file run.csv (CSV, C-alpha atoms and all ligand atoms)
chain,number,residue,atom,x,y,z
A,75,MET,CA,0.3,1.2,-38.7
A,76,ARG,CA,-1.6,3.0,-35.9
A,77,LYS,CA,0.4,3.6,-32.7
A,78,PRO,CA,-1.3,2.3,-29.6
A,79,LYS,CA,-2.7,5.1,-27.4
A,80,VAL,CA,-1.7,5.7,-23.8
A,81,PHE,CA,-3.1,8.0,-21.2
A,82,ILE,CA,-0.7,9.0,-18.4
A,83,THR,CA,-2.6,10.2,-15.4
A,84,ARG,CA,0.1,12.7,-14.1
A,85,GLN,CA,3.2,14.5,-15.1
A,86,ILE,CA,6.1,12.0,-14.8
A,87,PRO,CA,9.7,12.8,-15.8
A,88,GLU,CA,9.5,14.1,-19.4
A,89,THR,CA,12.5,12.0,-20.6
A,90,ALA,CA,10.4,8.9,-20.1
A,91,ILE,CA,7.4,10.4,-21.8
A,92,ASN,CA,9.6,11.2,-24.9
A,93,VAL,CA,10.7,7.6,-25.1
A,94,ILE,CA,7.1,6.4,-24.7
A,95,ARG,CA,6.1,8.7,-27.6
A,96,GLU,CA,8.2,6.7,-30.0
A,97,TYR,CA,5.8,3.8,-29.6
A,98,TYR,CA,2.6,5.4,-28.4
A,99,GLU,CA,0.2,8.2,-29.1
A,100,VAL,CA,0.5,9.9,-25.7
A,101,GLU,CA,-1.9,12.0,-23.7
A,102,VAL,CA,-0.6,13.3,-20.3
A,103,TRP,CA,-2.8,14.8,-17.5
A,104,ARG,CA,-0.6,17.6,-16.5
A,105,ASP,CA,-2.6,18.8,-13.5
A,106,GLU,CA,-0.9,18.3,-10.1
A,107,LYS,CA,-4.1,16.6,-8.9
A,108,GLU,CA,-5.3,13.3,-10.2
A,109,PRO,CA,-7.9,13.4,-13.0
A,110,PRO,CA,-11.4,13.6,-11.6
A,111,ARG,CA,-13.3,10.3,-11.8
A,112,GLU,CA,-15.5,11.4,-14.7
A,113,VAL,CA,-12.5,12.5,-16.7
A,114,LEU,CA,-10.7,9.2,-16.1
A,115,LEU,CA,-13.8,7.3,-17.1
A,116,GLU,CA,-13.9,9.3,-20.3
A,117,LYS,CA,-10.2,9.1,-21.0
A,118,VAL,CA,-10.0,5.3,-20.7
A,119,ARG,CA,-12.6,4.8,-23.4
A,120,ASP,CA,-10.2,4.5,-26.3
A,121,VAL,CA,-6.8,3.8,-24.8
A,122,ASP,CA,-4.7,0.6,-25.1
A,123,ALA,CA,-2.5,1.6,-22.2
A,124,LEU,CA,-2.8,3.5,-19.0
A,125,VAL,CA,0.0,4.9,-16.7
A,126,THR,CA,-1.4,5.2,-13.2
A,127,LEU,CA,-0.4,6.4,-9.8
A,128,LEU,CA,-1.5,5.1,-6.4
A,129,SER,CA,-4.1,7.8,-6.1
A,130,ASP,CA,-5.9,6.6,-9.3
A,131,LYS,CA,-8.6,4.0,-8.3
A,132,ILE,CA,-8.7,1.5,-11.1
A,133,ASP,CA,-11.8,-0.6,-10.3
A,134,ARG,CA,-14.3,-2.6,-12.2
A,135,GLU,CA,-16.2,0.5,-13.4
A,136,ILE,CA,-13.1,2.0,-15.0
A,137,LEU,CA,-12.2,-1.4,-16.6
A,138,ASP,CA,-15.8,-1.7,-17.9
A,139,ASN,CA,-15.3,1.7,-19.6
A,140,ALA,CA,-12.0,0.6,-21.2
A,141,PRO,CA,-12.8,-2.0,-23.8
A,142,ARG,CA,-9.4,-1.6,-25.5
A,143,LEU,CA,-7.2,-1.4,-22.4
A,144,ARG,CA,-4.4,-4.1,-22.4
A,145,ILE,CA,-1.8,-2.8,-20.0
A,146,ILE,CA,-1.8,-0.7,-16.8
A,147,ALA,CA,1.7,0.5,-16.0
A,148,GLN,CA,1.7,1.6,-12.4
A,149,TYR,CA,4.2,4.3,-11.4
A,150,ALA,CA,4.8,2.8,-7.9
A,151,VAL,CA,5.8,-0.5,-6.4
A,152,GLY,CA,2.5,-0.9,-4.5
A,153,TYR,CA,-0.6,-1.4,-6.6
A,154,ASP,CA,-3.5,-1.8,-4.0
A,155,ASN,CA,-5.3,0.9,-6.0
A,156,ILE,CA,-5.9,-1.5,-8.9
A,157,ASP,CA,-8.4,-4.4,-8.9
A,158,ILE,CA,-5.8,-6.9,-10.0
A,159,GLU,CA,-8.1,-9.9,-10.1
A,160,GLU,CA,-10.5,-8.1,-12.4
A,161,ALA,CA,-7.7,-6.8,-14.6
A,162,THR,CA,-6.3,-10.3,-14.8
A,163,ARG,CA,-9.6,-11.9,-15.6
A,164,ARG,CA,-9.9,-9.5,-18.6
A,165,GLY,CA,-6.4,-10.3,-19.8
A,166,ILE,CA,-5.0,-6.9,-18.9
A,167,TYR,CA,-1.3,-6.7,-17.9
A,168,VAL,CA,-0.5,-4.8,-14.8
A,169,THR,CA,3.1,-3.8,-14.1
A,170,ASN,CA,4.8,-1.9,-11.2
A,171,THR,CA,8.2,-0.3,-10.5
A,172,PRO,CA,10.0,-2.6,-8.0
A,173,ASP,CA,13.8,-2.4,-7.1
A,174,VAL,CA,14.4,1.1,-8.4
A,175,LEU,CA,12.9,2.8,-5.4
A,176,THR,CA,14.0,0.3,-2.7
A,177,GLU,CA,17.1,2.1,-1.4
A,178,ALA,CA,15.4,5.6,-1.5
A,179,THR,CA,12.5,4.2,0.5
A,180,ALA,CA,14.7,2.4,3.0
A,181,ASP,CA,16.7,5.6,3.5
A,182,PHE,CA,13.5,7.4,4.2
A,183,ALA,CA,12.3,4.8,6.7
A,184,TRP,CA,15.6,5.5,8.5
A,185,ALA,CA,15.2,9.3,8.2
A,186,LEU,CA,11.8,9.0,9.9
A,187,LEU,CA,13.1,6.6,12.6
A,188,LEU,CA,16.0,8.8,13.5
A,189,ALA,CA,14.0,12.0,13.4
A,190,THR,CA,11.3,10.5,15.6
A,191,ALA,CA,13.8,9.0,18.1
A,192,ARG,CA,15.6,12.3,18.5
A,193,GLN,CA,12.7,14.8,18.1
A,194,LEU,CA,14.5,16.4,15.2
A,195,VAL,CA,11.5,18.2,13.7
A,196,ASP,CA,10.4,19.7,17.0
A,197,ALA,CA,13.9,20.7,17.8
A,198,ASP,CA,14.2,22.5,14.4
A,199,LYS,CA,11.0,24.4,15.2
A,200,PHE,CA,12.4,25.3,18.6
A,201,VAL,CA,15.5,26.9,17.1
A,202,ARG,CA,13.8,28.4,14.1
A,203,SER,CA,10.9,30.0,16.0
A,204,GLY,CA,13.2,31.9,18.3
A,205,GLU,CA,11.9,29.9,21.3
A,206,TRP,CA,15.5,28.8,22.1
A,207,LYS,CA,16.7,32.4,22.2
A,208,ARG,CA,13.6,33.5,24.3
A,209,LYS,CA,14.2,30.7,26.7
A,210,GLY,CA,17.8,31.8,27.1
A,211,VAL,CA,19.2,28.3,28.1
A,212,ALA,CA,22.3,27.6,26.0
A,213,TRP,CA,22.7,23.9,26.8
A,214,HIS,CA,20.9,21.8,29.4
A,215,PRO,CA,21.5,18.2,30.3
A,216,LEU,CA,17.8,17.4,30.0
A,217,MET,CA,17.0,19.4,26.8
A,218,TYR,CA,15.4,17.4,24.0
A,219,LEU,CA,16.2,14.0,25.2
A,220,GLY,CA,15.5,11.2,22.7
A,221,TYR,CA,15.8,7.5,22.5
A,222,ASP,CA,19.0,5.5,21.7
A,223,VAL,CA,19.0,3.8,18.4
A,224,TYR,CA,22.5,2.2,18.3
A,225,GLY,CA,22.5,-1.4,19.6
A,226,LYS,CA,18.7,-1.5,20.1
A,227,THR,CA,16.3,-4.0,18.6
A,228,ILE,CA,14.5,-3.3,15.3
A,229,GLY,CA,11.5,-5.3,14.2
A,230,ILE,CA,10.7,-5.2,10.5
A,231,ILE,CA,7.2,-6.3,9.4
A,232,GLY,CA,7.3,-7.3,5.8
A,233,PHE,CA,10.7,-8.6,4.6
A,234,GLY,CA,10.6,-8.0,0.9
A,235,ARG,CA,13.1,-5.8,-0.9
A,236,ILE,CA,12.4,-2.7,1.2
A,237,GLY,CA,12.3,-4.5,4.5
A,238,GLN,CA,15.6,-6.2,3.7
A,239,ALA,CA,17.1,-2.8,2.7
A,240,ILE,CA,16.0,-1.4,6.0
A,241,ALA,CA,17.6,-4.3,7.8
A,242,ARG,CA,20.9,-3.8,5.9
A,243,ARG,CA,21.1,-0.3,7.3
A,244,ALA,CA,20.3,-1.5,10.8
A,245,ARG,CA,23.5,-3.6,10.7
A,246,GLY,CA,25.5,-0.4,10.6
A,247,PHE,CA,23.7,0.6,13.9
A,248,ASN,CA,24.7,-2.7,15.5
A,249,MET,CA,21.0,-3.5,16.0
A,250,LYS,CA,19.4,-6.8,16.8
A,251,ILE,CA,17.2,-7.4,13.7
A,252,LEU,CA,13.9,-9.2,14.0
A,253,TYR,CA,11.5,-9.7,11.1
A,254,TYR,CA,8.1,-11.0,10.4
A,255,SER,CA,6.8,-12.0,7.0
A,256,ARG,CA,4.2,-14.5,5.7
A,257,THR,CA,7.0,-16.8,4.6
A,258,ARG,CA,10.3,-17.3,6.4
A,259,LYS,CA,13.4,-16.3,4.4
A,260,PRO,CA,16.3,-18.5,5.8
A,261,GLU,CA,18.9,-17.3,3.2
A,262,LYS,CA,18.2,-13.6,4.2
A,263,GLU,CA,18.3,-14.5,7.9
A,264,GLU,CA,21.9,-15.7,7.3
A,265,GLU,CA,22.9,-12.8,5.0
A,266,LEU,CA,21.4,-10.0,7.2
A,267,GLY,CA,21.8,-11.5,10.6
A,268,ALA,CA,18.0,-11.3,11.0
A,269,GLU,CA,15.8,-13.5,13.2
A,270,PHE,CA,12.2,-14.5,12.3
A,271,LYS,CA,9.6,-13.8,15.0
A,272,PRO,CA,5.9,-14.4,15.1
A,273,LEU,CA,4.2,-11.0,14.8
A,274,ASN,CA,3.1,-10.6,18.4
A,275,GLU,CA,6.5,-11.6,19.7
A,276,LEU,CA,8.2,-9.1,17.4
A,277,LEU,CA,6.0,-6.4,18.7
A,278,ARG,CA,6.7,-7.3,22.3
A,279,GLU,CA,10.5,-7.3,21.8
A,280,SER,CA,11.3,-4.4,19.4
A,281,ASP,CA,12.4,-0.9,20.3
A,282,PHE,CA,11.6,0.2,16.8
A,283,VAL,CA,8.9,-1.4,14.7
A,284,VAL,CA,9.0,-0.6,10.9
A,285,LEU,CA,6.1,-1.5,8.6
A,286,ALA,CA,7.1,-2.5,5.1
A,287,VAL,CA,4.2,-4.7,4.0
A,288,PRO,CA,2.0,-4.2,1.0
A,289,LEU,CA,-1.7,-3.4,1.8
A,290,THR,CA,-3.7,-6.6,1.4
A,291,LYS,CA,-6.8,-8.1,3.0
A,292,GLU,CA,-4.4,-9.7,5.5
A,293,THR,CA,-2.4,-6.6,6.4
A,294,TYR,CA,-5.4,-4.2,6.6
A,295,TYR,CA,-5.4,-2.8,10.2
A,296,MET,CA,-2.7,-5.3,11.1
A,297,ILE,CA,-1.5,-2.8,13.7
A,298,ASN,CA,-4.6,-2.4,15.9
A,299,GLU,CA,-5.4,-1.6,19.5
A,300,LYS,CA,-4.6,-5.1,20.7
A,301,ARG,CA,-1.2,-5.1,18.9
A,302,LEU,CA,-0.2,-1.6,19.9
A,303,LYS,CA,-0.8,-2.7,23.5
A,304,LEU,CA,1.8,-5.4,23.1
A,305,MET,CA,4.6,-2.9,22.2
A,306,LYS,CA,7.1,-1.5,24.7
A,307,PRO,CA,6.2,1.9,26.2
A,308,MET,CA,9.5,3.2,24.8
A,309,ALA,CA,8.9,1.8,21.3
A,310,ILE,CA,8.6,3.8,18.2
A,311,LEU,CA,6.4,2.8,15.2
A,312,ILE,CA,7.5,3.7,11.7
A,313,ASN,CA,5.1,3.3,8.7
A,314,ILE,CA,6.4,3.7,5.2
A,315,ALA,CA,4.0,1.0,3.8
A,316,ARG,CA,0.3,2.0,3.5
A,317,GLY,CA,-1.8,4.0,6.0
A,318,LYS,CA,-4.5,1.3,6.2
A,319,VAL,CA,-2.0,-1.1,7.7
A,320,VAL,CA,-2.5,0.8,10.9
A,321,ASP,CA,-5.8,1.7,12.7
A,322,THR,CA,-5.1,5.4,13.2
A,323,LYS,CA,-7.7,5.9,15.9
A,324,ALA,CA,-6.0,3.2,18.0
A,325,LEU,CA,-2.6,4.7,17.2
A,326,ILE,CA,-3.6,8.1,18.4
A,327,LYS,CA,-4.9,6.6,21.6
A,328,ALA,CA,-1.6,4.7,22.0
A,329,LEU,CA,0.4,7.9,21.6
A,330,GLU,CA,-1.8,9.9,23.8
A,331,GLU,CA,-1.9,7.4,26.6
A,332,GLY,CA,1.8,6.4,26.3
A,333,TRP,CA,1.4,2.8,25.3
A,334,ILE,CA,4.2,3.6,22.8
A,335,ALA,CA,6.7,6.5,22.7
A,336,GLY,CA,6.3,7.8,19.2
A,337,ALA,CA,5.5,7.2,15.6
A,338,GLY,CA,7.0,8.3,12.2
A,339,LEU,CA,4.4,8.2,9.5
A,340,ASP,CA,4.9,8.7,5.7
A,341,VAL,CA,1.5,7.2,4.8
A,342,PHE,CA,-2.1,7.7,6.0
A,343,GLU,CA,-5.5,6.1,5.7
A,344,GLU,CA,-6.7,8.7,3.3
A,345,GLU,CA,-4.3,10.9,1.3
A,346,PRO,CA,-4.0,13.9,1.4
A,347,TYR,CA,-4.6,13.7,5.1
A,348,TYR,CA,-5.6,16.0,7.9
A,349,ASN,CA,-6.3,14.9,11.5
A,350,LYS,CA,-6.3,17.5,14.2
A,351,GLU,CA,-6.0,14.8,17.0
A,352,LEU,CA,-2.9,13.3,15.4
A,353,PHE,CA,-1.3,16.5,14.4
A,354,LYS,CA,-1.4,18.0,17.8
A,355,LEU,CA,0.8,15.2,19.2
A,356,LYS,CA,4.4,16.1,19.7
A,357,ASN,CA,5.7,12.5,19.6
A,358,VAL,CA,5.0,12.0,15.9
A,359,THR,CA,7.0,12.8,12.7
A,360,LEU,CA,4.8,13.2,9.6
A,361,ALA,CA,5.6,13.3,5.9
A,362,PRO,CA,3.3,13.4,2.8
A,363,HIS,CA,4.1,10.0,1.3
A,364,ILE,CA,7.5,10.8,0.0
A,365,GLY,CA,9.4,7.6,0.7
A,366,SER,CA,10.6,7.2,-2.8
A,367,ALA,CA,10.9,10.9,-3.6
A,368,THR,CA,14.5,11.2,-4.7
A,369,TYR,CA,15.5,12.4,-8.1
A,370,GLY,CA,17.2,9.1,-8.8
A,371,ALA,CA,14.3,6.9,-7.8
A,372,ARG,CA,11.5,8.9,-9.4
A,373,TYR,CA,13.4,9.1,-12.8
A,374,ALA,CA,14.2,5.4,-12.6
A,375,MET,CA,10.5,4.6,-11.9
A,376,ALA,CA,9.6,6.6,-15.0
A,377,GLU,CA,12.1,4.7,-17.1
A,378,LEU,CA,10.8,1.4,-15.8
A,379,VAL,CA,7.2,2.4,-16.7
A,380,ALA,CA,8.5,3.2,-20.2
A,381,ARG,CA,10.3,-0.1,-20.5
A,382,ASN,CA,7.1,-2.0,-19.5
A,383,LEU,CA,5.0,-0.1,-22.1
A,384,ILE,CA,7.6,-0.5,-24.9
A,385,ALA,CA,8.0,-4.2,-24.2
A,386,PHE,CA,4.2,-4.5,-24.5
A,387,ALA,CA,4.1,-2.4,-27.7
A,388,LYS,CA,6.7,-4.8,-29.2
A,389,GLY,CA,4.6,-7.8,-28.3
A,390,GLU,CA,7.0,-8.9,-25.5
A,391,VAL,CA,6.1,-9.7,-21.9
A,392,PRO,CA,6.7,-6.5,-19.8
A,393,PRO,CA,9.6,-6.9,-17.4
A,394,THR,CA,7.9,-6.2,-14.2
A,395,LEU,CA,4.5,-7.8,-14.6
A,396,VAL,CA,2.6,-8.4,-11.4
A,397,ASN,CA,-0.3,-10.5,-12.8
A,398,ARG,CA,1.4,-13.3,-14.7
B,401,LIG,C1,5.1,2.9,-3.9
B,401,LIG,O1,5.8,2.9,-4.8
B,401,LIG,O2,4.2,2.0,-3.7
B,401,LIG,C2,5.2,4.0,-2.9
B,401,LIG,O3,4.3,4.1,-1.9
B,401,LIG,C3,5.4,5.3,-3.6
B,401,LIG,O4,6.6,5.3,-4.2
call {"tool": "encode", "arguments": {"input": "run.csv", "output": "C-alpha cells", "more": "lines below"}}
Ligand code: DGY
result
Amino acid sequence: MRKPKVFITRQIPETAINVIREYYEVEVWRDEKEPPREVLLEKVRDVDALVTLLSDKIDREILDNAPRLRIIAQYAVGYDNIDIEEATRRGIYVTNTPDVLTEATADFAWALLLATARQLVDADKFVRSGEWKRKGVAWHPLMYLGYDVYGKTIGIIGFGRIGQAIARRARGFNMKILYYSRTRKPEKEEELGAEFKPLNELLRESDFVVLAVPLTKETYYMINEKRLKLMKPMAILINIARGKVVDTKALIKALEEGWIAGAGLDVFEEEPYYNKELFKLKNVTLAPHIGSATYGARYAMAELVARNLIAFAKGEVPPTLVNR
C-alpha cells in the first residue's frame, strides 16, 4: 500500500522526522527560511499531509492547490496563520501543539518581565562595553534603578494554559493576580488566587500586564492608544502572544511619552522585525519570538506533531485537533 505523503516546511527535530517516516513518504524543506510562496504552492499539489510553522501562510489559495491534503499539523500552539474555517469546510484536519510548550513559554514571559523591570539587557551592555570601567563608579545608590516585582499586581490577559502558568509563577512573587479572559474561570480563580477583572479595569490596576491571548478578530490591536493610556505610568507591558495584539505605533508613543514605563516583547506585527523607532528606546527588552525555544519544548512539540500525523495515518482522530 502507498504511504501517504507529507511535506514538512522546516527542519524540526530529526527524531520526530524518523518516526513520521515509518508511516509517511517524507519531504523536508531544510532551509532556515520558510519555503517561498511559489515553492509551497508547488509542494502541496500532491501531499496528503503538511507540517507547518507560524510563518507559513496557509490560505485559500494554498488549499485550492492541495486537492489531496487531509491534515495540517502545525508546529506551534497558535494557528492564526491557517485559514481554519476554509480547512474545516474542506474536511481537512488541523492540529497544534498545546501543553508541551506551556511551561517554557511562561518561563520566558517571566524572563522578559524581570529583565525589563530591572533593565538587565542594558546593564549587561554597560558592563560588557567597558562603559562601567570608563565611568569609574564602582557602586552608586542610584545606578540602574528598576521596578519592584515582589508583592506588586500582575494583570494577565488571556487565561488559558499559558496565562495560568504565568499566574502560578506570580504566586511565588507574592503578587496580586488579576486576569481577563472571554470567559470567567471560577475554578482557576480559586486554585491560583486570581481575580477576574474587566479588561480596562485590569489595565488601570496592574503594575505588570502580560498578554497571553491568541490572535483573533477580537484580540487584533486589543492594546491600542486608548488602552495604553489607561495603564499606570510605572506599568510594564509584556507580549508573548502575537505582535498584532498590540498597535505598535501607539506602543512606541506610549513608551516615548512615558504613559507606561517599559515593554518586553517576544512577538512583533511582522516577523522578522525591524523598527528603528522602537529599537532606539531604552525601556524595551526585545526577543525574536523564542518563548517556546527550549530543548525540551521544541522536541516535545515535534513528538506531538508526529503523534498527530501517525494517528491520522492509522485512521484515528489526531489527539490535538483544533477543528473538530
Ligand atoms: C506558538 O506555539 O504559537 C508560539 O508562538 C511559538 O512556539
call {"tool": "residues_near_ligand", "arguments": {"input": "run.csv", "ligand": "ligand LIG 401 (chain B)", "cutoff": "7 Å", "atoms": "all atoms listed in the file", "output": "list in words"}}
result
Tyr149, Ala150, Val151, Gly152, Tyr153, Thr171, Leu175, Ala315, His363, Ile364, Gly365 and Ser366 of chain A
call {"tool": "residues_around", "arguments": {"input": "run.csv", "residues": "A:Gln193", "least_positions_apart": "5", "cutoff": "9 Å", "atoms": "only C-alpha atoms", "output": "VMD selection string"}}
result
chain A and resid 188 198 218 to 220 356 to 359
call {"tool": "residues_around", "arguments": {"input": "run.csv", "residues": "stretch 283-291 of chain A", "least_positions_apart": "3", "cutoff": "10 Å", "atoms": "all atoms listed in the file", "output": "PDB file with C-alpha atoms, in the coordinates of the input"}}
result
ATOM      1  CA  VAL A 151       5.800  -0.500  -6.400  1.00  0.00           C
ATOM      2  CA  GLY A 152       2.500  -0.900  -4.500  1.00  0.00           C
ATOM      3  CA  TYR A 153      -0.600  -1.400  -6.600  1.00  0.00           C
ATOM      4  CA  ASP A 154      -3.500  -1.800  -4.000  1.00  0.00           C
ATOM      5  CA  ASN A 155      -5.300   0.900  -6.000  1.00  0.00           C
ATOM      6  CA  THR A 179      12.500   4.200   0.500  1.00  0.00           C
ATOM      7  CA  ALA A 180      14.700   2.400   3.000  1.00  0.00           C
ATOM      8  CA  ALA A 183      12.300   4.800   6.700  1.00  0.00           C
ATOM      9  CA  TRP A 184      15.600   5.500   8.500  1.00  0.00           C
ATOM     10  CA  LEU A 187      13.100   6.600  12.600  1.00  0.00           C
ATOM     11  CA  THR A 227      16.300  -4.000  18.600  1.00  0.00           C
ATOM     12  CA  ILE A 228      14.500  -3.300  15.300  1.00  0.00           C
ATOM     13  CA  GLY A 229      11.500  -5.300  14.200  1.00  0.00           C
ATOM     14  CA  ILE A 230      10.700  -5.200  10.500  1.00  0.00           C
ATOM     15  CA  ILE A 231       7.200  -6.300   9.400  1.00  0.00           C
ATOM     16  CA  GLY A 232       7.300  -7.300   5.800  1.00  0.00           C
ATOM     17  CA  PHE A 233      10.700  -8.600   4.600  1.00  0.00           C
ATOM     18  CA  GLY A 234      10.600  -8.000   0.900  1.00  0.00           C
ATOM     19  CA  ARG A 235      13.100  -5.800  -0.900  1.00  0.00           C
ATOM     20  CA  ILE A 236      12.400  -2.700   1.200  1.00  0.00           C
ATOM     21  CA  GLY A 237      12.300  -4.500   4.500  1.00  0.00           C
ATOM     22  CA  GLN A 238      15.600  -6.200   3.700  1.00  0.00           C
ATOM     23  CA  ILE A 240      16.000  -1.400   6.000  1.00  0.00           C
ATOM     24  CA  ALA A 241      17.600  -4.300   7.800  1.00  0.00           C
ATOM     25  CA  LEU A 252      13.900  -9.200  14.000  1.00  0.00           C
ATOM     26  CA  TYR A 253      11.500  -9.700  11.100  1.00  0.00           C
ATOM     27  CA  TYR A 254       8.100 -11.000  10.400  1.00  0.00           C
ATOM     28  CA  SER A 255       6.800 -12.000   7.000  1.00  0.00           C
ATOM     29  CA  ARG A 256       4.200 -14.500   5.700  1.00  0.00           C
ATOM     30  CA  LEU A 276       8.200  -9.100  17.400  1.00  0.00           C
ATOM     31  CA  LEU A 277       6.000  -6.400  18.700  1.00  0.00           C
ATOM     32  CA  ARG A 278       6.700  -7.300  22.300  1.00  0.00           C
ATOM     33  CA  GLU A 279      10.500  -7.300  21.800  1.00  0.00           C
ATOM     34  CA  SER A 280      11.300  -4.400  19.400  1.00  0.00           C
ATOM     35  CA  TYR A 294      -5.400  -4.200   6.600  1.00  0.00           C
ATOM     36  CA  TYR A 295      -5.400  -2.800  10.200  1.00  0.00           C
ATOM     37  CA  MET A 296      -2.700  -5.300  11.100  1.00  0.00           C
ATOM     38  CA  ILE A 297      -1.500  -2.800  13.700  1.00  0.00           C
ATOM     39  CA  MET A 305       4.600  -2.900  22.200  1.00  0.00           C
ATOM     40  CA  ALA A 309       8.900   1.800  21.300  1.00  0.00           C
ATOM     41  CA  ILE A 310       8.600   3.800  18.200  1.00  0.00           C
ATOM     42  CA  LEU A 311       6.400   2.800  15.200  1.00  0.00           C
ATOM     43  CA  ILE A 312       7.500   3.700  11.700  1.00  0.00           C
ATOM     44  CA  ASN A 313       5.100   3.300   8.700  1.00  0.00           C
ATOM     45  CA  ILE A 314       6.400   3.700   5.200  1.00  0.00           C
ATOM     46  CA  ALA A 315       4.000   1.000   3.800  1.00  0.00           C
ATOM     47  CA  ARG A 316       0.300   2.000   3.500  1.00  0.00           C
ATOM     48  CA  GLY A 317      -1.800   4.000   6.000  1.00  0.00           C
ATOM     49  CA  LYS A 318      -4.500   1.300   6.200  1.00  0.00           C
ATOM     50  CA  VAL A 319      -2.000  -1.100   7.700  1.00  0.00           C
ATOM     51  CA  VAL A 320      -2.500   0.800  10.900  1.00  0.00           C
ATOM     52  CA  ALA A 337       5.500   7.200  15.600  1.00  0.00           C
ATOM     53  CA  GLY A 338       7.000   8.300  12.200  1.00  0.00           C
ATOM     54  CA  LEU A 339       4.400   8.200   9.500  1.00  0.00           C
TER      55      LEU A 339
END
call {"tool": "closest_residue", "arguments": {"input": "run.csv", "among": "A:Glu344, A:Asp181, A:Ala140, A:Asn397", "to": "A:Gly165", "atoms": "all atoms listed in the file"}}
result
A:Asn397
call {"tool": "atom_distance", "arguments": {"input": "run.csv", "atom1": "atom CA of A:Pro307", "atom2": "atom CA of A:Ile334"}}
result
4.3 Å
call {"tool": "atom_distance", "arguments": {"input": "run.csv", "atom1": "atom CA of A:Ala361", "atom2": "atom CA of A:Val341"}}
result
7.4 Å
call {"tool": "residues_around", "arguments": {"input": "run.csv", "residues": "A:Lys323", "least_positions_apart": "6", "cutoff": "12 Å", "atoms": "all atoms listed in the file", "output": "list in words"}}
result
Tyr295, Ile297, Asn298, Glu299, Leu302, Gly317, Leu329, Glu330, Phe342, Glu343, Asn349, Lys350, Glu351 and Leu352 of chain A
call {"tool": "closest_atom_pairs", "arguments": {"input": "run.csv", "of": "stretch 104-160 of chain A", "to": "stretch 386-393 of chain A", "cutoff": "10 Å", "atoms": "all atoms listed in the file", "output": "JSON lines"}}
result
{"residue": "A:Asp122", "atom": "CA", "partner": "A:Ala387", "partner_atom": "CA", "distance": 9.7}
{"residue": "A:Ala123", "atom": "CA", "partner": "A:Phe386", "partner_atom": "CA", "distance": 9.3}
{"residue": "A:Arg144", "atom": "CA", "partner": "A:Phe386", "partner_atom": "CA", "distance": 8.9}
{"residue": "A:Ile145", "atom": "CA", "partner": "A:Phe386", "partner_atom": "CA", "distance": 7.7}
{"residue": "A:Ala147", "atom": "CA", "partner": "A:Pro392", "partner_atom": "CA", "distance": 9.4}
call {"tool": "atom_distance", "arguments": {"input": "run.csv", "atom1": "atom CA of A:Leu128", "atom2": "atom CA of A:Val396"}}
result
15.0 Å
call {"tool": "closest_residue", "arguments": {"input": "run.csv", "among": "A:Thr162, A:Asn274, A:Thr176, A:Ser203", "to": "A:Ala367", "atoms": "all atoms listed in the file"}}
result
A:Thr176
call {"tool": "residues_around", "arguments": {"input": "run.csv", "residues": "stretch 369-373 of chain A", "least_positions_apart": "3", "cutoff": "7 Å", "atoms": "all atoms listed in the file", "output": "PyMOL selection string"}}
result
chain A and resi 87+174-175+178+366+376-377
call {"tool": "residues_near_point", "arguments": {"input": "run.csv", "point": "(5.8, 4.7, -26.8)", "cutoff": "12 Å", "atoms": "only C-alpha atoms", "output": "PyMOL selection string"}}
result
chain A and resi 76-82+89-101+122-125+377+379-388
call {"tool": "closest_residue", "arguments": {"input": "run.csv", "among": "A:Glu292, A:Ala197, A:Asp120, A:Tyr167", "to": "A:Thr394", "atoms": "all atoms listed in the file"}}
result
A:Tyr167
